[in-house]
Amino acid sequence: MGNAAGWRNGMDGNVGIERVMSENIASFDGTRLAVHKTGAGRPVILLHGLFSSAHMNWIKWGHDTRLADAGFEAIMLDFRVHGDSEAPHDPASYPAGVLVRDAAALVGHLGLAPGEYDLVGFSLGARTAIHACANGVLSPRKLIACGMGVAGLEDWERRAAHFKRVIDEFDTIKPGDPAYVARTFLKSQGVDRAAARLLLDAMDPFDLATLANITMPTGVICGVDDQDNGSAEDLAAKLPNAEYFEVPGTHLNSVIKPELGEAIVGFLDRS
């Protein structure tokens with residue numbers, strides 16, 4: 001436990017000290033989760049994508065400082081198996097809905113009541129945030145889902161099978177294979193493959209009918225060339241109180257562009 005100033009690459013590529021404070025918390029089962037914070041103000045919880053981390057999705061590209069500059073506190077969780085969090089090998093550490101429970105553990109640790117925070121997720125983080133809100137586990141003031149469409153919710157088994165193949169055939173996947181990009185990213189992030197396989201098996205299905213339960217203002221943000229999780233525009237249309245926002249990029253590179261952070265801030269900043 002405890003805080004420490006974090007090092008990171010600046011937007012210009014130079015290395016410097018940034019005011020990113022990090023701590024470890026215990027999740028519902030005692031698994032150690034890393035949490036990184038930038039800024040002070042209204043809390044915004046940010047959930048990253050599969051095989052990624054708070055650093056890779058939010059800190060490296062300056063989205064946390066955009067939020068801080070706008071008067072928010074960016075609170076960025078590393079899911080179990082990702083970033084600086086633990087990657088247990090015990091199958092009991094991966095019950096159904098494990099990532100929703102990790103996010104709920106963070107909100108509980110922070111002592112935040114319903115409506116006292118905003119919730120943002122990218123890709124798997126968006127799926128987790130939608131699950132949590134649709135099932136009444138979390139109740140943010142506003143919700144933002146980035147890089148997520150209808151297929152990423154209702155057809156998760158197909159998507160998960162792709163990533164399981166990346167893990168199971170890791171040593172034999174070659175350039176030109178549709179799984180090679182995901183394999184390269186997984187390797188670059190140093191993800192524990194055995195733990196990641198257990199995590200993928202813990203992903204539970206989603207009932208689209210429960211989208212009707214998400215009544216808070218919701219922003220659905222997606223890259224113009226991102227169809228990895230199906231249509232984000234269709235997802236926004238199925239939500240009771242949602243707006244769709246398009247930003248440049250694909251699923252892989254929309255997160256590195258300033259427009260994503262600007263869209264997040266813009267939606268949260270509106271009264």
# chains A, B, ... in the order shown; residues from 1 in each chain; ligands from 1

$ residues_around --residues "Val44 of chain A" --least-positions-apart "6" --cutoff "9 Å" --atoms "only C-alpha atoms" --output "NGL selection string"
:A and (67 or 72-76 or 117-120)

$ residues_around --residues "segment 181-188 of chain A" --least-positions-apart "5" --cutoff "8 Å" --atoms "only C-alpha atoms" --output "MDAnalysis selection string"
chainID A and resid 51:52 163 166:167 170 173

$ residues_around --residues "segment 36-43 of chain A" --least-positions-apart "5" --cutoff "9 Å" --atoms "only C-alpha atoms" --output "short mmCIF file (atom, residue, chain, number, x, y, z; two decimals) with all heavy atoms, in the first residue's frame"
data_model
loop_
_atom_site.label_atom_id
_atom_site.label_comp_id
_atom_site.auth_asym_id
_atom_site.auth_seq_id
_atom_site.Cartn_x
_atom_site.Cartn_y
_atom_site.Cartn_z
N GLY A 6 4.91 8.79 -10.11
CA GLY A 6 5.23 7.87 -11.20
C GLY A 6 5.99 8.56 -12.32
O GLY A 6 5.81 9.74 -12.58
N GLU A 18 5.82 13.09 -13.68
CA GLU A 18 4.47 13.61 -13.77
C GLU A 18 3.79 13.37 -12.44
O GLU A 18 4.18 12.49 -11.67
CB GLU A 18 3.70 12.91 -14.89
CG GLU A 18 4.31 13.06 -16.27
CD GLU A 18 4.11 14.43 -16.87
OE1 GLU A 18 3.29 15.18 -16.31
OE2 GLU A 18 4.77 14.74 -17.86
N ARG A 19 2.76 14.11 -12.18
CA ARG A 19 2.07 13.97 -10.91
C ARG A 19 1.05 12.83 -10.99
O ARG A 19 -0.15 13.03 -10.81
CB ARG A 19 1.40 15.28 -10.53
CG ARG A 19 2.38 16.42 -10.30
CD ARG A 19 3.42 16.09 -9.27
NE ARG A 19 2.82 15.78 -7.98
CZ ARG A 19 3.50 15.29 -6.94
NH1 ARG A 19 4.77 15.01 -7.06
NH2 ARG A 19 2.87 15.07 -5.81
N VAL A 20 1.53 11.65 -11.29
CA VAL A 20 0.70 10.46 -11.25
C VAL A 20 1.02 9.73 -9.96
O VAL A 20 2.15 9.31 -9.74
CB VAL A 20 0.97 9.53 -12.45
CG1 VAL A 20 0.11 8.28 -12.38
CG2 VAL A 20 0.72 10.26 -13.76
N MET A 21 0.04 9.62 -9.10
CA MET A 21 0.22 8.94 -7.83
C MET A 21 -0.37 7.55 -7.93
O MET A 21 -1.45 7.36 -8.51
CB MET A 21 -0.45 9.72 -6.71
CG MET A 21 -0.04 11.19 -6.63
SD MET A 21 1.75 11.42 -6.44
CE MET A 21 2.00 10.75 -4.80
N SER A 22 0.34 6.57 -7.38
CA SER A 22 -0.10 5.19 -7.49
C SER A 22 -0.22 4.55 -6.11
O SER A 22 0.53 4.88 -5.19
CB SER A 22 0.89 4.38 -8.34
OG SER A 22 0.97 4.90 -9.65
N GLU A 23 -1.19 3.66 -5.99
CA GLU A 23 -1.36 2.89 -4.76
C GLU A 23 -1.87 1.51 -5.11
O GLU A 23 -2.32 1.26 -6.23
CB GLU A 23 -2.32 3.58 -3.80
CG GLU A 23 -3.75 3.67 -4.31
CD GLU A 23 -4.71 4.21 -3.25
OE1 GLU A 23 -4.45 4.04 -2.05
OE2 GLU A 23 -5.74 4.79 -3.65
N ASN A 24 -1.79 0.60 -4.14
CA ASN A 24 -2.36 -0.73 -4.28
C ASN A 24 -3.56 -0.87 -3.36
O ASN A 24 -3.53 -0.38 -2.23
CB ASN A 24 -1.33 -1.81 -3.92
CG ASN A 24 -0.16 -1.83 -4.87
OD1 ASN A 24 -0.35 -1.67 -6.07
ND2 ASN A 24 1.04 -2.05 -4.35
N ALA A 54 -3.59 1.01 -17.43
CA ALA A 54 -3.86 2.43 -17.24
C ALA A 54 -2.79 3.27 -17.94
O ALA A 54 -3.10 4.28 -18.58
CB ALA A 54 -3.89 2.76 -15.75
N HIS A 55 -1.55 2.85 -17.83
CA HIS A 55 -0.47 3.61 -18.48
C HIS A 55 -0.66 3.65 -19.99
O HIS A 55 -0.57 4.72 -20.61
CB HIS A 55 0.88 2.99 -18.14
CG HIS A 55 2.03 3.65 -18.86
ND1 HIS A 55 2.61 4.82 -18.41
CD2 HIS A 55 2.65 3.34 -20.01
CE1 HIS A 55 3.56 5.18 -19.27
NE2 HIS A 55 3.61 4.30 -20.24
N ILE A 59 -2.50 7.20 -19.58
CA ILE A 59 -1.41 8.05 -19.11
C ILE A 59 -0.44 8.39 -20.24
O ILE A 59 -0.08 9.56 -20.43
CB ILE A 59 -0.66 7.37 -17.94
CG1 ILE A 59 -1.61 7.17 -16.76
CG2 ILE A 59 0.55 8.20 -17.53
CD1 ILE A 59 -1.05 6.32 -15.63
N ASP A 64 -5.17 11.48 -19.13
CA ASP A 64 -5.33 11.78 -17.70
C ASP A 64 -5.08 13.26 -17.41
O ASP A 64 -5.80 13.88 -16.63
CB ASP A 64 -4.42 10.90 -16.86
CG ASP A 64 -2.94 11.13 -17.14
OD1 ASP A 64 -2.58 11.43 -18.30
OD2 ASP A 64 -2.13 11.00 -16.20
N THR A 65 -4.08 13.84 -18.06
CA THR A 65 -3.80 15.26 -17.82
C THR A 65 -4.85 16.16 -18.45
O THR A 65 -5.12 17.25 -17.94
CB THR A 65 -2.39 15.64 -18.33
OG1 THR A 65 -2.27 15.30 -19.71
CG2 THR A 65 -1.31 14.93 -17.55
N LEU A 67 -8.00 15.44 -18.46
CA LEU A 67 -9.04 15.43 -17.45
C LEU A 67 -8.64 16.31 -16.26
O LEU A 67 -9.46 17.09 -15.76
CB LEU A 67 -9.30 13.99 -16.98
CG LEU A 67 -10.14 13.13 -17.93
CD1 LEU A 67 -9.96 11.65 -17.62
CD2 LEU A 67 -11.61 13.52 -17.85
N ALA A 68 -7.40 16.18 -15.81
CA ALA A 68 -6.94 16.97 -14.67
C ALA A 68 -7.00 18.46 -14.98
O ALA A 68 -7.42 19.28 -14.13
CB ALA A 68 -5.53 16.56 -14.28
N ASP A 69 -6.60 18.84 -16.17
CA ASP A 69 -6.62 20.24 -16.56
C ASP A 69 -8.04 20.80 -16.62
O ASP A 69 -8.25 22.00 -16.49
CB ASP A 69 -5.94 20.43 -17.93
CG ASP A 69 -4.43 20.22 -17.88
OD1 ASP A 69 -3.88 20.22 -16.76
OD2 ASP A 69 -3.82 20.05 -18.94
N ALA A 70 -9.01 19.91 -16.81
CA ALA A 70 -10.42 20.34 -16.87
C ALA A 70 -11.09 20.31 -15.50
O ALA A 70 -12.29 20.57 -15.39
CB ALA A 70 -11.19 19.45 -17.84
N GLY A 71 -10.31 19.99 -14.46
CA GLY A 71 -10.85 20.02 -13.11
C GLY A 71 -11.35 18.69 -12.58
O GLY A 71 -12.09 18.66 -11.59
N PHE A 72 -10.94 17.58 -13.22
CA PHE A 72 -11.32 16.25 -12.76
C PHE A 72 -10.14 15.55 -12.12
O PHE A 72 -8.98 15.91 -12.33
CB PHE A 72 -11.82 15.40 -13.94
CG PHE A 72 -13.07 15.91 -14.59
CD1 PHE A 72 -13.01 16.71 -15.72
CD2 PHE A 72 -14.31 15.59 -14.07
CE1 PHE A 72 -14.16 17.18 -16.33
CE2 PHE A 72 -15.48 16.05 -14.67
CZ PHE A 72 -15.40 16.85 -15.80
N GLU A 73 -10.43 14.52 -11.34
CA GLU A 73 -9.39 13.61 -10.87
C GLU A 73 -9.53 12.31 -11.65
O GLU A 73 -10.56 11.63 -11.58
CB GLU A 73 -9.54 13.32 -9.37
CG GLU A 73 -8.47 12.36 -8.86
CD GLU A 73 -8.63 11.97 -7.41
OE1 GLU A 73 -9.77 12.10 -6.88
OE2 GLU A 73 -7.65 11.50 -6.79
N ALA A 74 -8.50 11.98 -12.44
CA ALA A 74 -8.49 10.73 -13.20
C ALA A 74 -8.02 9.61 -12.28
O ALA A 74 -6.90 9.64 -11.77
CB ALA A 74 -7.57 10.86 -14.41
N ILE A 75 -8.88 8.62 -12.07
CA ILE A 75 -8.58 7.48 -11.21
C ILE A 75 -8.57 6.25 -12.10
O ILE A 75 -9.62 5.81 -12.59
CB ILE A 75 -9.62 7.35 -10.08
CG1 ILE A 75 -9.69 8.64 -9.27
CG2 ILE A 75 -9.27 6.16 -9.18
CD1 ILE A 75 -10.83 8.68 -8.28
N MET A 76 -7.39 5.69 -12.33
CA MET A 76 -7.20 4.70 -13.38
C MET A 76 -6.81 3.35 -12.78
O MET A 76 -5.74 3.21 -12.19
CB MET A 76 -6.13 5.19 -14.35
CG MET A 76 -6.47 6.54 -14.98
SD MET A 76 -5.04 7.42 -15.67
CE MET A 76 -4.28 8.08 -14.17
N LEU A 77 -7.68 2.37 -12.95
CA LEU A 77 -7.47 1.04 -12.42
C LEU A 77 -6.68 0.18 -13.40
O LEU A 77 -6.92 0.23 -14.61
CB LEU A 77 -8.83 0.38 -12.17
CG LEU A 77 -8.84 -1.07 -11.68
CD1 LEU A 77 -8.24 -1.18 -10.29
CD2 LEU A 77 -10.26 -1.64 -11.69
N ASP A 78 -5.74 -0.60 -12.88
CA ASP A 78 -5.18 -1.72 -13.63
C ASP A 78 -5.98 -2.96 -13.24
O ASP A 78 -5.94 -3.39 -12.08
CB ASP A 78 -3.71 -1.96 -13.28
CG ASP A 78 -2.75 -1.02 -13.98
OD1 ASP A 78 -3.13 -0.45 -15.01
OD2 ASP A 78 -1.63 -0.85 -13.47
N LEU A 112 -17.11 6.11 -2.67
CA LEU A 112 -17.93 6.95 -3.54
C LEU A 112 -19.37 6.44 -3.58
O LEU A 112 -19.61 5.26 -3.85
CB LEU A 112 -17.35 6.98 -4.96
CG LEU A 112 -15.96 7.62 -5.09
CD1 LEU A 112 -15.42 7.41 -6.50
CD2 LEU A 112 -16.02 9.10 -4.75
N GLU A 116 -21.63 10.20 -7.47
CA GLU A 116 -20.51 11.04 -7.02
C GLU A 116 -19.29 10.91 -7.91
O GLU A 116 -18.26 11.54 -7.64
CB GLU A 116 -20.13 10.68 -5.59
CG GLU A 116 -21.14 11.11 -4.54
CD GLU A 116 -20.67 10.84 -3.12
OE1 GLU A 116 -19.68 10.09 -2.94
OE2 GLU A 116 -21.30 11.38 -2.20
N TYR A 117 -19.38 10.14 -8.98
CA TYR A 117 -18.24 9.91 -9.86
C TYR A 117 -18.74 9.65 -11.27
O TYR A 117 -19.93 9.38 -11.49
CB TYR A 117 -17.43 8.70 -9.37
CG TYR A 117 -18.22 7.40 -9.37
CD1 TYR A 117 -18.17 6.53 -10.45
CD2 TYR A 117 -19.04 7.07 -8.29
CE1 TYR A 117 -18.92 5.36 -10.46
CE2 TYR A 117 -19.80 5.91 -8.29
CZ TYR A 117 -19.73 5.05 -9.37
OH TYR A 117 -20.47 3.90 -9.38
N ASP A 118 -17.83 9.76 -12.22
CA ASP A 118 -18.11 9.38 -13.60
C ASP A 118 -17.32 8.13 -13.93
O ASP A 118 -16.30 7.82 -13.28
CB ASP A 118 -17.73 10.52 -14.55
CG ASP A 118 -18.54 11.78 -14.29
OD1 ASP A 118 -19.78 11.68 -14.20
OD2 ASP A 118 -17.94 12.87 -14.16
N LEU A 119 -17.74 7.40 -14.95
CA LEU A 119 -17.13 6.12 -15.29
C LEU A 119 -16.85 6.07 -16.79
O LEU A 119 -17.74 6.31 -17.60
CB LEU A 119 -18.08 4.98 -14.90
CG LEU A 119 -17.60 3.55 -15.14
CD1 LEU A 119 -16.33 3.23 -14.37
CD2 LEU A 119 -18.71 2.56 -14.77
#

$ select_by_dssp --residues "segment 39-202 of chain A" --states "alpha helix (DSSP H)" --output "ChimeraX atom specification"
/A:54,63-69,98-110,124-134,150-154,156-168,180-189,193-201

$ select_by_dssp --residues "segment 2-191 of chain A" --states "strand (DSSP E)" --output "number ranges by chain"
A: 4-9, 15-26, 32-38, 42-47, 72-77, 118-122, 143-146

$ residues_around --residues "segment 222-239 of chain A" --least-positions-apart "3" --cutoff "8 Å" --atoms "only C-alpha atoms" --output "ChimeraX atom specification"
/A:123,146-153,211-212,214-215,218-219,242-251,254

$ write_last_selection --atoms "N, CA and C atoms" --output "PDB file, in the first residue's frame"
ATOM      1  N   SER A 123     -12.938  -0.340 -24.757  1.00  0.00           N
ATOM      2  CA  SER A 123     -12.966  -1.728 -25.211  1.00  0.00           C
ATOM      3  C   SER A 123     -13.418  -2.647 -24.067  1.00  0.00           C
ATOM      4  N   CYS A 146     -16.030   3.674 -24.766  1.00  0.00           N
ATOM      5  CA  CYS A 146     -15.171   3.944 -25.933  1.00  0.00           C
ATOM      6  C   CYS A 146     -14.807   2.622 -26.610  1.00  0.00           C
ATOM      7  N   GLY A 147     -14.835   2.638 -27.938  1.00  0.00           N
ATOM      8  CA  GLY A 147     -14.405   1.461 -28.689  1.00  0.00           C
ATOM      9  C   GLY A 147     -15.274   0.238 -28.470  1.00  0.00           C
ATOM     10  N   MET A 148     -16.555   0.434 -28.229  1.00  0.00           N
ATOM     11  CA  MET A 148     -17.452  -0.692 -27.963  1.00  0.00           C
ATOM     12  C   MET A 148     -18.719  -0.563 -28.792  1.00  0.00           C
ATOM     13  N   GLY A 149     -19.135  -1.681 -29.383  1.00  0.00           N
ATOM     14  CA  GLY A 149     -20.371  -1.730 -30.146  1.00  0.00           C
ATOM     15  C   GLY A 149     -21.237  -2.881 -29.691  1.00  0.00           C
ATOM     16  N   VAL A 150     -22.324  -3.105 -30.380  1.00  0.00           N
ATOM     17  CA  VAL A 150     -23.283  -4.142 -29.988  1.00  0.00           C
ATOM     18  C   VAL A 150     -22.641  -5.527 -30.020  1.00  0.00           C
ATOM     19  N   ALA A 151     -21.859  -5.820 -31.061  1.00  0.00           N
ATOM     20  CA  ALA A 151     -21.268  -7.156 -31.178  1.00  0.00           C
ATOM     21  C   ALA A 151     -20.315  -7.458 -30.034  1.00  0.00           C
ATOM     22  N   GLY A 152     -19.625  -6.446 -29.535  1.00  0.00           N
ATOM     23  CA  GLY A 152     -18.710  -6.651 -28.420  1.00  0.00           C
ATOM     24  C   GLY A 152     -19.412  -7.020 -27.137  1.00  0.00           C
ATOM     25  N   LEU A 153     -20.707  -6.752 -27.080  1.00  0.00           N
ATOM     26  CA  LEU A 153     -21.506  -7.130 -25.917  1.00  0.00           C
ATOM     27  C   LEU A 153     -22.185  -8.483 -26.104  1.00  0.00           C
ATOM     28  N   LEU A 211     -29.647  -3.230 -21.292  1.00  0.00           N
ATOM     29  CA  LEU A 211     -29.221  -1.869 -21.640  1.00  0.00           C
ATOM     30  C   LEU A 211     -30.274  -0.843 -21.225  1.00  0.00           C
ATOM     31  N   ALA A 212     -31.527  -1.269 -21.145  1.00  0.00           N
ATOM     32  CA  ALA A 212     -32.611  -0.366 -20.732  1.00  0.00           C
ATOM     33  C   ALA A 212     -32.420   0.151 -19.315  1.00  0.00           C
ATOM     34  N   ILE A 214     -29.639   1.316 -18.129  1.00  0.00           N
ATOM     35  CA  ILE A 214     -28.587   2.342 -18.101  1.00  0.00           C
ATOM     36  C   ILE A 214     -29.235   3.680 -18.441  1.00  0.00           C
ATOM     37  N   THR A 215     -29.715   4.364 -17.432  1.00  0.00           N
ATOM     38  CA  THR A 215     -30.492   5.590 -17.652  1.00  0.00           C
ATOM     39  C   THR A 215     -29.678   6.858 -17.474  1.00  0.00           C
ATOM     40  N   THR A 218     -25.061   8.940 -21.201  1.00  0.00           N
ATOM     41  CA  THR A 218     -23.999   8.054 -21.667  1.00  0.00           C
ATOM     42  C   THR A 218     -23.423   8.569 -22.976  1.00  0.00           C
ATOM     43  N   GLY A 219     -22.113   8.619 -23.044  1.00  0.00           N
ATOM     44  CA  GLY A 219     -21.425   8.941 -24.282  1.00  0.00           C
ATOM     45  C   GLY A 219     -20.825   7.677 -24.875  1.00  0.00           C
ATOM     46  N   ALA A 242     -28.307   8.182 -24.551  1.00  0.00           N
ATOM     47  CA  ALA A 242     -26.940   8.155 -25.069  1.00  0.00           C
ATOM     48  C   ALA A 242     -26.754   9.062 -26.273  1.00  0.00           C
ATOM     49  N   GLU A 243     -25.518   9.508 -26.443  1.00  0.00           N
ATOM     50  CA  GLU A 243     -25.082  10.248 -27.634  1.00  0.00           C
ATOM     51  C   GLU A 243     -23.869   9.545 -28.228  1.00  0.00           C
ATOM     52  N   TYR A 244     -23.778   9.564 -29.531  1.00  0.00           N
ATOM     53  CA  TYR A 244     -22.661   8.945 -30.240  1.00  0.00           C
ATOM     54  C   TYR A 244     -21.688  10.014 -30.700  1.00  0.00           C
ATOM     55  N   PHE A 245     -20.382   9.758 -30.490  1.00  0.00           N
ATOM     56  CA  PHE A 245     -19.333  10.691 -30.907  1.00  0.00           C
ATOM     57  C   PHE A 245     -18.278   9.919 -31.684  1.00  0.00           C
ATOM     58  N   GLU A 246     -17.900  10.454 -32.809  1.00  0.00           N
ATOM     59  CA  GLU A 246     -16.906   9.826 -33.674  1.00  0.00           C
ATOM     60  C   GLU A 246     -15.581  10.565 -33.537  1.00  0.00           C
ATOM     61  N   VAL A 247     -14.501   9.795 -33.423  1.00  0.00           N
ATOM     62  CA  VAL A 247     -13.154  10.360 -33.352  1.00  0.00           C
ATOM     63  C   VAL A 247     -12.295   9.666 -34.402  1.00  0.00           C
ATOM     64  N   PRO A 248     -11.145  10.223 -34.737  1.00  0.00           N
ATOM     65  CA  PRO A 248     -10.295   9.572 -35.741  1.00  0.00           C
ATOM     66  C   PRO A 248      -9.742   8.246 -35.233  1.00  0.00           C
ATOM     67  N   GLY A 249      -9.457   7.349 -36.186  1.00  0.00           N
ATOM     68  CA  GLY A 249      -8.691   6.162 -35.850  1.00  0.00           C
ATOM     69  C   GLY A 249      -9.436   4.848 -35.908  1.00  0.00           C
ATOM     70  N   THR A 250      -8.650   3.795 -35.709  1.00  0.00           N
ATOM     71  CA  THR A 250      -9.117   2.421 -35.646  1.00  0.00           C
ATOM     72  C   THR A 250      -9.201   2.002 -34.178  1.00  0.00           C
ATOM     73  N   HIS A 251      -9.523   0.741 -33.954  1.00  0.00           N
ATOM     74  CA  HIS A 251      -9.568   0.252 -32.574  1.00  0.00           C
ATOM     75  C   HIS A 251      -8.184   0.331 -31.936  1.00  0.00           C
ATOM     76  N   SER A 254      -7.107   4.703 -32.107  1.00  0.00           N
ATOM     77  CA  SER A 254      -7.936   5.835 -31.676  1.00  0.00           C
ATOM     78  C   SER A 254      -7.561   6.289 -30.275  1.00  0.00           C
TER      79      SER A 254
END

$ residues_around --residues "Ala103 of chain A" --least-positions-apart "3" --cutoff "10 Å" --atoms "only C-alpha atoms" --output "PyMOL selection string"
chain A and resi 27-28+33+45-47+77-79+98-100+106-109+119+125+128-129+132+137-138

$ closest_residue --among "A:Gly121, A:Gly176, A:Gly111, A:Gly136" --to "Asn213 of chain A" --atoms "only C-alpha atoms"
A:Gly136

$ residues_around --residues "segment 89-92 of chain A" --least-positions-apart "3" --cutoff "10 Å" --atoms "only C-alpha atoms" --output "ChimeraX atom specification"
/A:29,81,86,95,192,194-199,201-202

$ write_last_selection --atoms "N, CA and C atoms" --output "mmCIF file, in the first residue's frame"
data_model
loop_
_atom_site.group_PDB
_atom_site.id
_atom_site.type_symbol
_atom_site.label_atom_id
_atom_site.label_comp_id
_atom_site.auth_asym_id
_atom_site.auth_seq_id
_atom_site.Cartn_x
_atom_site.Cartn_y
_atom_site.Cartn_z
ATOM 1 N N ASP A 29 -11.429 -10.344 -3.320
ATOM 2 C CA ASP A 29 -10.843 -11.611 -2.910
ATOM 3 C C ASP A 29 -9.421 -11.451 -2.387
ATOM 4 N N VAL A 81 -4.338 -9.089 -13.733
ATOM 5 C CA VAL A 81 -3.622 -9.645 -14.887
ATOM 6 C C VAL A 81 -3.026 -8.544 -15.767
ATOM 7 N N GLU A 86 -1.798 -7.685 -9.662
ATOM 8 C CA GLU A 86 -1.446 -9.094 -9.557
ATOM 9 C C GLU A 86 -2.112 -9.916 -10.659
ATOM 10 N N PRO A 95 -13.909 -15.723 -10.801
ATOM 11 C CA PRO A 95 -15.346 -16.030 -10.872
ATOM 12 C C PRO A 95 -16.009 -15.208 -11.971
ATOM 13 N N ASP A 192 0.875 -11.866 -18.420
ATOM 14 C CA ASP A 192 0.974 -13.264 -18.008
ATOM 15 C C ASP A 192 -0.092 -14.055 -18.767
ATOM 16 N N ALA A 194 -0.919 -17.292 -18.912
ATOM 17 C CA ALA A 194 -1.715 -18.289 -18.191
ATOM 18 C C ALA A 194 -2.837 -17.613 -17.409
ATOM 19 N N ALA A 195 -2.525 -16.494 -16.760
ATOM 20 C CA ALA A 195 -3.546 -15.764 -16.010
ATOM 21 C C ALA A 195 -4.563 -15.138 -16.951
ATOM 22 N N ALA A 196 -4.090 -14.627 -18.091
ATOM 23 C CA ALA A 196 -5.007 -14.023 -19.059
ATOM 24 C C ALA A 196 -5.992 -15.049 -19.607
ATOM 25 N N ARG A 197 -5.531 -16.281 -19.772
ATOM 26 C CA ARG A 197 -6.427 -17.353 -20.259
ATOM 27 C C ARG A 197 -7.535 -17.614 -19.246
ATOM 28 N N LEU A 198 -7.182 -17.628 -17.965
ATOM 29 C CA LEU A 198 -8.183 -17.812 -16.915
ATOM 30 C C LEU A 198 -9.178 -16.656 -16.905
ATOM 31 N N LEU A 199 -8.671 -15.452 -17.111
ATOM 32 C CA LEU A 199 -9.540 -14.281 -17.113
ATOM 33 C C LEU A 199 -10.536 -14.336 -18.267
ATOM 34 N N ASP A 201 -11.787 -16.883 -19.657
ATOM 35 C CA ASP A 201 -12.804 -17.890 -19.371
ATOM 36 C C ASP A 201 -13.851 -17.384 -18.384
ATOM 37 N N ALA A 202 -13.528 -16.294 -17.668
ATOM 38 C CA ALA A 202 -14.443 -15.772 -16.642
ATOM 39 C C ALA A 202 -15.413 -14.734 -17.179
#

$ atom_distance --atom1 "atom CA of Arg80 of chain A" --atom2 "atom CA of Ile130 of chain A"
18.3 Å

$ atom_distance --atom1 "atom CA of Leu260 of chain A" --atom2 "atom CA of Gly62 of chain A"
10.3 Å

$ decode --residues "segment 234-263 of chain A" --atoms "C-alpha atoms" --output "tab-separated table (two decimals), in the first residue's frame"
chain	number	residue	atom	x	y	z
A	234	ASP	CA	-26.09	1.07	-32.97
A	235	LEU	CA	-25.09	0.69	-29.34
A	236	ALA	CA	-25.84	4.36	-28.67
A	237	ALA	CA	-29.24	3.94	-30.33
A	238	LYS	CA	-30.09	1.05	-28.00
A	239	LEU	CA	-29.26	3.02	-24.84
A	240	PRO	CA	-32.03	5.14	-23.26
A	241	ASN	CA	-29.98	8.31	-22.81
A	242	ALA	CA	-26.94	8.16	-25.07
A	243	GLU	CA	-25.08	10.25	-27.63
A	244	TYR	CA	-22.66	8.94	-30.24
A	245	PHE	CA	-19.33	10.69	-30.91
A	246	GLU	CA	-16.91	9.83	-33.67
A	247	VAL	CA	-13.15	10.36	-33.35
A	248	PRO	CA	-10.30	9.57	-35.74
A	249	GLY	CA	-8.69	6.16	-35.85
A	250	THR	CA	-9.12	2.42	-35.65
A	251	HIS	CA	-9.57	0.25	-32.57
A	252	LEU	CA	-5.80	0.08	-32.18
A	253	ASN	CA	-4.91	3.73	-32.62
A	254	SER	CA	-7.94	5.83	-31.68
A	255	VAL	CA	-6.77	5.67	-28.07
A	256	ILE	CA	-3.46	7.38	-28.87
A	257	LYS	CA	-5.11	10.43	-30.45
A	258	PRO	CA	-5.89	13.61	-28.48
A	259	GLU	CA	-9.40	13.70	-29.92
A	260	LEU	CA	-10.40	10.76	-27.72
A	261	GLY	CA	-9.44	12.57	-24.53
A	262	GLU	CA	-11.00	15.78	-25.78
A	263	ALA	CA	-14.28	13.97	-26.48
